[in-house]
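Coordinates from coords.cif are shown below (mmCIF, C-alpha atoms and all ligand atoms).
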```cif
data_start
#
loop_
_atom_site.label_atom_id
_atom_site.label_comp_id
_atom_site.auth_asym_id
_atom_site.auth_seq_id
_atom_site.Cartn_x
_atom_site.Cartn_y
_atom_site.Cartn_z
CA MET W 1 94.52 249.29 21.04
CA THR W 2 95.38 248.49 17.43
CA ASN W 3 94.83 250.76 14.47
CA PRO W 4 93.42 248.57 11.67
CA SER W 5 94.43 251.06 8.99
CA PHE W 6 98.13 250.27 9.45
CA GLU W 7 98.54 247.49 12.03
CA PHE W 8 98.12 244.16 10.31
CA ALA W 9 98.42 240.49 11.24
CA HIS W 10 98.09 239.20 7.66
CA ALA W 11 98.93 239.99 4.08
CA ILE W 12 98.20 238.26 0.78
CA THR W 13 100.66 238.41 -2.10
CA ARG W 14 100.89 236.60 -5.43
CA LYS W 15 104.13 235.59 -7.12
CA PRO W 16 104.83 237.40 -10.39
CA SER W 17 104.14 235.37 -13.54
CA LYS W 18 106.48 235.29 -16.54
CA SER W 19 103.62 236.83 -18.51
CA ILE W 20 104.16 240.02 -16.50
CA ILE W 21 106.17 241.33 -19.45
CA ALA W 22 102.73 241.81 -21.08
CA GLY W 23 101.40 243.79 -18.10
CA LEU W 24 99.34 246.93 -18.69
CA ARG W 25 101.23 250.22 -18.77
CA ALA W 26 100.53 253.82 -19.69
CA GLU W 27 103.77 254.13 -21.65
CA ASN W 28 106.56 251.85 -22.74
CA THR W 29 109.66 252.36 -20.61
CA GLY W 30 111.16 248.94 -21.32
CA THR W 31 110.43 245.27 -20.73
CA PRO W 32 110.43 244.22 -17.06
CA ASP W 33 113.35 241.96 -16.13
CA PHE W 34 111.62 238.91 -14.66
CA ALA W 35 114.61 237.68 -12.64
CA GLN W 36 115.00 241.09 -10.98
CA MET W 37 111.28 241.26 -10.34
CA GLU W 38 111.39 237.89 -8.56
CA ILE W 39 114.22 239.16 -6.31
CA ASP W 40 112.34 242.38 -5.54
CA HIS W 41 109.13 240.49 -4.81
CA ALA W 42 110.94 238.10 -2.45
CA ASN W 43 112.44 241.11 -0.61
CA TYR W 44 108.99 242.68 -0.33
CA VAL W 45 107.46 239.50 1.14
CA ALA W 46 110.39 239.08 3.54
CA THR W 47 109.95 242.65 4.76
CA LEU W 48 106.24 242.10 5.43
CA ARG W 49 107.13 238.91 7.36
CA GLU W 50 109.83 240.72 9.34
CA THR W 51 107.07 242.67 11.08
CA GLY W 52 105.68 239.40 12.46
CA ALA W 53 102.73 239.26 10.07
CA GLU W 54 101.63 236.08 8.33
CA VAL W 55 101.99 236.36 4.55
CA ILE W 56 99.83 234.11 2.37
CA GLU W 57 101.80 233.75 -0.87
CA LEU W 58 99.64 232.69 -3.81
CA PRO W 59 101.07 231.00 -6.91
CA ALA W 60 101.73 232.88 -10.13
CA LEU W 61 98.90 233.09 -12.67
CA GLU W 62 100.30 233.04 -16.19
CA ALA W 63 96.89 233.85 -17.71
CA PHE W 64 96.80 237.18 -15.87
CA PRO W 65 99.91 239.33 -16.47
CA ASP W 66 98.96 241.94 -13.85
CA SER W 67 97.86 239.48 -11.17
CA VAL W 68 100.91 240.19 -8.98
CA PHE W 69 99.09 243.45 -8.15
CA VAL W 70 96.64 241.77 -5.75
CA GLU W 71 95.63 245.01 -4.07
CA ASP W 72 93.30 245.75 -6.96
CA ASP W 73 91.34 242.53 -6.39
CA ALA W 74 89.76 243.25 -3.01
CA LEU W 75 89.18 245.73 -0.21
CA CYS W 76 90.04 244.14 3.14
CA LEU W 77 88.55 245.93 6.12
CA LYS W 78 88.56 244.75 9.74
CA ASP W 79 85.30 242.84 9.67
CA VAL W 80 84.36 242.61 6.01
CA ALA W 81 86.09 242.05 2.68
CA ILE W 82 84.77 243.13 -0.70
CA LEU W 83 85.87 241.59 -3.97
CA MET W 84 86.36 244.30 -6.58
CA ARG W 85 85.31 244.59 -10.22
CA PRO W 86 88.37 245.79 -12.18
CA GLY W 87 87.96 248.46 -14.81
CA ALA W 88 90.71 246.80 -16.87
CA PRO W 89 89.02 243.97 -18.85
CA SER W 90 92.21 241.86 -18.83
CA ARG W 91 92.12 241.86 -15.01
CA MET W 92 88.48 240.85 -14.47
CA GLY W 93 89.33 237.13 -14.22
CA GLU W 94 91.70 237.78 -11.30
CA ILE W 95 88.73 238.10 -8.95
CA ALA W 96 87.62 234.48 -9.29
CA GLN W 97 91.21 233.45 -8.60
CA MET W 98 91.33 235.51 -5.39
CA SER W 99 87.85 234.69 -4.11
CA SER W 100 88.55 231.44 -2.19
CA THR W 101 91.54 232.95 -0.36
CA ILE W 102 89.49 235.91 0.81
CA ARG W 103 86.55 233.69 1.78
CA ALA W 104 88.87 231.51 3.87
CA GLN W 105 89.96 234.58 5.86
CA TYR W 106 86.65 236.43 6.33
CA GLU W 107 83.19 235.54 7.51
CA ASN W 108 81.67 238.53 5.72
CA VAL W 109 82.57 238.67 2.03
CA PHE W 110 80.75 240.72 -0.60
CA GLU W 111 81.39 241.20 -4.29
CA VAL W 112 80.94 244.31 -6.42
CA LYS W 113 78.63 242.92 -9.08
CA GLY W 114 78.41 245.86 -11.46
CA PRO W 115 77.56 247.42 -13.81
CA GLY W 116 80.19 249.73 -12.28
CA PHE W 117 83.91 249.16 -11.89
CA ILE W 118 86.27 249.64 -8.98
CA GLU W 119 89.89 248.65 -8.25
CA GLY W 120 91.56 248.49 -4.85
CA GLY W 121 94.36 250.81 -5.94
CA ASP W 122 91.84 253.63 -5.90
CA ILE W 123 90.96 253.08 -2.23
CA LEU W 124 92.78 254.58 0.76
CA THR W 125 91.46 253.44 4.13
CA THR W 126 92.25 255.76 7.03
CA ALA W 127 91.24 255.51 10.67
CA ARG W 128 88.16 257.66 10.04
CA GLU W 129 86.99 256.94 6.47
CA VAL W 130 87.38 255.06 3.22
CA LEU W 131 88.53 257.43 0.46
CA VAL W 132 87.81 256.28 -3.09
CA GLY W 133 89.23 258.08 -6.12
CA LYS W 134 87.30 257.92 -9.35
CA SER W 135 89.72 257.12 -12.16
CA ALA W 136 89.93 255.45 -15.55
CA ARG W 137 89.51 252.14 -13.63
CA THR W 138 86.94 253.17 -10.98
CA ASP W 139 83.64 254.80 -11.90
CA ALA W 140 80.76 256.38 -9.99
CA ALA W 141 78.62 253.22 -10.15
CA GLY W 142 81.43 251.12 -8.70
CA VAL W 143 81.93 253.62 -5.89
CA ALA W 144 78.17 253.70 -5.19
CA GLU W 145 77.99 249.91 -4.95
CA LEU W 146 80.95 249.79 -2.55
CA ARG W 147 79.36 252.57 -0.46
CA GLU W 148 76.13 250.60 -0.18
CA ILE W 149 78.04 247.55 1.12
CA ILE W 150 80.43 249.14 3.62
CA THR W 151 77.91 251.60 5.06
CA ARG W 152 76.13 248.56 6.52
CA PHE W 153 79.29 247.83 8.52
CA GLY W 154 79.57 251.38 9.85
CA TYR W 155 82.20 252.74 7.45
CA THR W 156 82.07 256.19 5.90
CA LEU W 157 83.00 256.37 2.22
CA ARG W 158 84.12 259.66 0.67
CA GLU W 159 84.35 259.89 -3.11
CA VAL W 160 87.32 261.87 -4.41
CA GLN W 161 89.10 262.18 -7.76
CA THR W 162 92.31 260.54 -8.92
CA PRO W 163 94.34 263.16 -10.86
CA PRO W 164 94.08 262.95 -14.67
CA ASP W 165 96.59 260.58 -16.29
CA VAL W 166 97.37 258.96 -12.92
CA LEU W 167 96.55 255.23 -12.83
CA HIS W 168 95.17 254.94 -9.30
CA PHE W 169 94.39 257.23 -6.36
CA LYS W 170 97.12 255.50 -4.33
CA THR W 171 99.64 255.99 -7.11
CA ASP W 172 99.85 259.45 -5.55
CA CYS W 173 99.33 258.85 -1.81
CA SER W 174 99.72 256.50 1.14
CA LEU W 175 98.74 256.36 4.77
CA LEU W 176 101.65 256.86 7.20
CA ASP W 177 99.71 256.59 10.47
CA GLY W 178 96.25 257.28 11.84
CA GLU W 179 96.29 260.95 10.89
CA THR W 180 99.19 261.40 8.45
CA ILE W 181 99.26 260.95 4.69
CA LEU W 182 102.17 260.97 2.25
CA ALA W 183 101.03 262.57 -0.99
CA THR W 184 102.23 264.27 -4.12
CA LYS W 185 101.71 268.02 -4.18
CA ARG W 186 99.42 267.66 -7.20
CA LEU W 187 97.03 265.36 -5.34
CA ASP W 188 97.13 267.33 -2.10
CA ALA W 189 96.31 270.50 -4.09
CA SER W 190 92.90 268.99 -4.85
CA GLY W 191 91.97 269.51 -1.19
CA CYS W 192 91.00 265.88 -0.65
CA PHE W 193 93.11 265.55 2.52
CA GLU W 194 91.70 268.52 4.42
CA GLY W 195 91.82 267.74 8.14
CA TYR W 196 94.78 265.33 7.82
CA LYS W 197 98.45 266.03 8.34
CA VAL W 198 100.03 265.71 4.88
CA LEU W 199 103.70 265.17 4.08
CA HIS W 200 104.70 265.81 0.46
CA THR W 201 106.96 263.74 -1.74
CA ALA W 202 110.03 265.70 -2.82
CA ASP W 203 109.86 267.45 -6.19
CA GLY W 204 110.86 264.96 -8.88
CA GLU W 205 110.15 262.02 -6.52
CA GLU W 206 106.38 261.79 -7.07
CA ALA W 207 106.65 258.03 -7.64
CA ALA W 208 107.64 257.65 -3.97
CA ALA W 209 104.04 258.41 -2.96
CA ASN W 210 102.94 254.82 -3.47
CA ALA W 211 104.26 253.44 -0.19
CA ILE W 212 102.66 251.40 2.58
CA ARG W 213 102.65 251.69 6.33
CA PHE W 214 102.79 248.06 7.46
CA ASN W 215 103.12 247.71 11.22
CA GLN W 216 106.40 249.34 12.30
CA PHE W 217 107.67 249.98 8.75
CA VAL W 218 106.99 252.45 6.00
CA ILE W 219 107.86 250.36 2.94
CA MET W 220 108.71 252.47 -0.09
CA ALA W 221 110.35 252.10 -3.47
CA ALA W 222 114.11 252.61 -3.45
CA GLY W 223 115.63 255.52 -5.37
CA PHE W 224 113.85 258.45 -3.74
CA PRO W 225 116.45 259.65 -1.20
CA LYS W 226 114.90 263.05 -0.40
CA THR W 227 111.50 261.59 0.43
CA ALA W 228 113.04 258.68 2.37
CA GLY W 229 115.16 261.13 4.37
CA MET W 230 112.16 263.35 5.07
CA LEU W 231 110.18 260.36 6.38
CA ARG W 232 113.08 259.26 8.60
CA ALA W 233 113.37 262.81 9.92
CA HIS W 234 109.69 262.55 10.92
CA GLY W 235 110.48 259.43 12.92
CA TYR W 236 109.29 256.69 10.56
CA THR W 237 111.24 253.44 10.18
CA VAL W 238 111.66 253.29 6.42
CA ARG W 239 112.44 250.16 4.39
CA GLU W 240 113.33 250.66 0.73
CA ILE W 241 112.70 247.93 -1.87
CA ASN W 242 113.87 248.04 -5.46
CA ASN W 243 110.81 248.68 -7.67
CA THR W 244 112.39 249.38 -11.07
CA GLU W 245 110.72 246.42 -12.79
CA CYS W 246 107.20 246.82 -11.36
CA ALA W 247 107.43 250.54 -12.15
CA LYS W 248 107.69 249.68 -15.86
CA ILE W 249 104.13 248.36 -15.62
CA ASP W 250 102.87 251.10 -13.33
CA GLY W 251 103.06 249.04 -10.13
CA GLY W 252 104.30 250.01 -6.69
CA MET W 253 104.47 249.03 -3.05
CA SER W 254 100.76 249.12 -2.26
CA CYS W 255 99.75 247.18 -5.37
CA LEU W 256 101.73 244.10 -4.30
CA SER W 257 99.70 243.10 -1.23
CA LEU W 258 96.35 242.94 0.48
CA ARG W 259 96.72 243.80 4.16
CA PHE W 260 94.37 243.02 7.03
N1 LIG Z 1 99.89 247.30 -14.66
C1 LIG Z 1 99.06 247.59 -13.57
C2 LIG Z 1 97.69 247.84 -14.04
O1 LIG Z 1 97.58 248.52 -15.03
O2 LIG Z 1 96.73 247.40 -13.52
#
```

Mind turning the file's structure into structure tokens?
Amino acid sequence: MTNPSFEFAHAITRKPSKSIIAGLRAENTGTPDFAQMEIDHANYVATLRETGAEVIELPALEAFPDSVFVEDDALCLKDVAILMRPGAPSRMGEIAQMSSTIRAQYENVFEVKGPGFIEGGDILTTAREVLVGKSARTDAAGVAELREIITRFGYTLREVQTPPDVLHFKTDCSLLDGETILATKRLDASGCFEGYKVLHTADGEEAAANAIRFNQFVIMAAGFPKTAGMLRAHGYTVREINNTECAKIDGGMSCLSLRF
């Protein structure tokens, strides 16, 4: 029996656009190197494909600097997909660009119509529930509208809180398997993972928390040796991908794909 929260047959990615140098960021840590970002993105897609999954690679969108971060555009569940309503005004137009691809894959497609906002980076789907962190990009009305949609398909949504000054809920956590979560200590301290097994990122390696479990691999950003070693010691097959350029615009491993 498959576990739809980490066993996937498909992923959607979008090539980075040259305009990515204008991507949103909380602080300026330098201009992303586009050539390096293209190499990293190609490695990421190749790693997804290595698991046997089909990867639908969409073309770059120069009008939308952050559009490489497709995860924020939709929530893809087993039997229903929901197009999001980004809290970042510059990202709102990404949804129309993603819509036809999602509709080609799913029979049941809904759209968060507002007035609330919600981005996929704030949503962690586990085997038992859909956790949604309110953040600067996801508000209570957006969460309520998503709840109304997915409840009809039998899902349970639990509203939680993204830590202050953290972009998205999944900036600080990832699913490792049906019952295990990788999280920063600061997020775990909120109590939102009660009942799960939680593994912590190493001190000083909080940025390693944004990983993905994709079939047999845990795919994480390179440069976090203590956390990578801890995951290997727990039996996970870890693949590390350079993320220095995406990190400059607050992006990580989960942001770069939709998985279903
Ligand atoms: N740069 C990623 C985001 O802010 O949406």

Would you tabulate, counting only C-alpha atoms and all ligand atoms, all residues of chain W that have an atom at most 8 Å from an atom of ligand LIG 1 (chain Z), showing the closest pair of atoms and their distance in Å to one decimal, sorted by chain then ascending number, as a tab-separated table?
```
residue	atom	partner	partner_atom	distance
W:Gly23	CA	Z:LIG1	N1	5.1
W:Leu24	CA	Z:LIG1	N1	4.1
W:Arg25	CA	Z:LIG1	N1	5.2
W:Ala26	CA	Z:LIG1	O1	7.6
W:Asp66	CA	Z:LIG1	N1	5.5
W:Phe69	CA	Z:LIG1	C1	6.8
W:Asp72	CA	Z:LIG1	O2	7.6
W:Ala88	CA	Z:LIG1	O2	6.9
W:Arg91	CA	Z:LIG1	O2	7.4
W:Leu167	CA	Z:LIG1	O1	7.1
W:Ile249	CA	Z:LIG1	N1	4.5
W:Asp250	CA	Z:LIG1	N1	5.0
W:Gly251	CA	Z:LIG1	C1	5.5
```

Restricting the calculation to all atoms listed in the file, which member of W:Tyr236, W:Phe169, W:Tyr44, W:Phe8 is positioned closest to Phe217 (chain W)?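 Among the listed residues, W:Tyr236 lies closest to Phe217 (chain W).
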
Counting only C-alpha atoms, figure out which residue out of W:Val80, W:Val132, W:Val166, W:Ala127 gets nearest to Thr2 (chain W).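 Smallest separation from Thr2 (chain W) among the options: W:Ala127.
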
Can you pull out every residue within 9 Å of Leu258 (chain W), counting all atoms listed in the file, but drop anything in the same chain fewer than 4 positions away, and send it as a list in words?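 Using all atoms listed in the file, the neighbours found are His10, Ala11, Ile12, Thr13, Val70, Glu71, Asp72, Asp73, Ala74, Leu75, Cys76 and Ser254 of chain W.
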
Point-to-point distance in Å for CA of Ala96 (chain W) and CA of Lys15 (chain W):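 So the answer is 16.7 Å.
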
So that I can see what lies close to Ala228 (chain W), please list as a PDB file with C-alpha atoms, in the coordinates of the input the residues with an atom at most 12 Å from it, counting all atoms listed in the file and leaving out residues fewer than 3 positions away in the same chain.
```
ATOM      1  CA  LEU W 182     102.170 260.970   2.250  1.00  0.00           C
ATOM      2  CA  LEU W 199     103.700 265.170   4.080  1.00  0.00           C
ATOM      3  CA  HIS W 200     104.700 265.810   0.460  1.00  0.00           C
ATOM      4  CA  THR W 201     106.960 263.740  -1.740  1.00  0.00           C
ATOM      5  CA  ALA W 202     110.030 265.700  -2.820  1.00  0.00           C
ATOM      6  CA  GLU W 205     110.150 262.020  -6.520  1.00  0.00           C
ATOM      7  CA  GLU W 206     106.380 261.790  -7.070  1.00  0.00           C
ATOM      8  CA  ALA W 207     106.650 258.030  -7.640  1.00  0.00           C
ATOM      9  CA  ALA W 208     107.640 257.650  -3.970  1.00  0.00           C
ATOM     10  CA  ALA W 209     104.040 258.410  -2.960  1.00  0.00           C
ATOM     11  CA  ALA W 211     104.260 253.440  -0.190  1.00  0.00           C
ATOM     12  CA  VAL W 218     106.990 252.450   6.000  1.00  0.00           C
ATOM     13  CA  ILE W 219     107.860 250.360   2.940  1.00  0.00           C
ATOM     14  CA  MET W 220     108.710 252.470  -0.090  1.00  0.00           C
ATOM     15  CA  ALA W 221     110.350 252.100  -3.470  1.00  0.00           C
ATOM     16  CA  ALA W 222     114.110 252.610  -3.450  1.00  0.00           C
ATOM     17  CA  GLY W 223     115.630 255.520  -5.370  1.00  0.00           C
ATOM     18  CA  PHE W 224     113.850 258.450  -3.740  1.00  0.00           C
ATOM     19  CA  PRO W 225     116.450 259.650  -1.200  1.00  0.00           C
ATOM     20  CA  LEU W 231     110.180 260.360   6.380  1.00  0.00           C
ATOM     21  CA  ARG W 232     113.080 259.260   8.600  1.00  0.00           C
ATOM     22  CA  ALA W 233     113.370 262.810   9.920  1.00  0.00           C
ATOM     23  CA  HIS W 234     109.690 262.550  10.920  1.00  0.00           C
ATOM     24  CA  GLY W 235     110.480 259.430  12.920  1.00  0.00           C
ATOM     25  CA  TYR W 236     109.290 256.690  10.560  1.00  0.00           C
ATOM     26  CA  THR W 237     111.240 253.440  10.180  1.00  0.00           C
ATOM     27  CA  VAL W 238     111.660 253.290   6.420  1.00  0.00           C
ATOM     28  CA  ARG W 239     112.440 250.160   4.390  1.00  0.00           C
ATOM     29  CA  GLU W 240     113.330 250.660   0.730  1.00  0.00           C
ATOM     30  CA  ILE W 241     112.700 247.930  -1.870  1.00  0.00           C
TER      31      ILE W 241
END
```

Do you have the CA of Glu111 (chain W)-CA of Asp79 (chain W) distance handy?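 Interatomic distance, CA of Glu111 (chain W) to CA of Asp79 (chain W): 14.6 Å.
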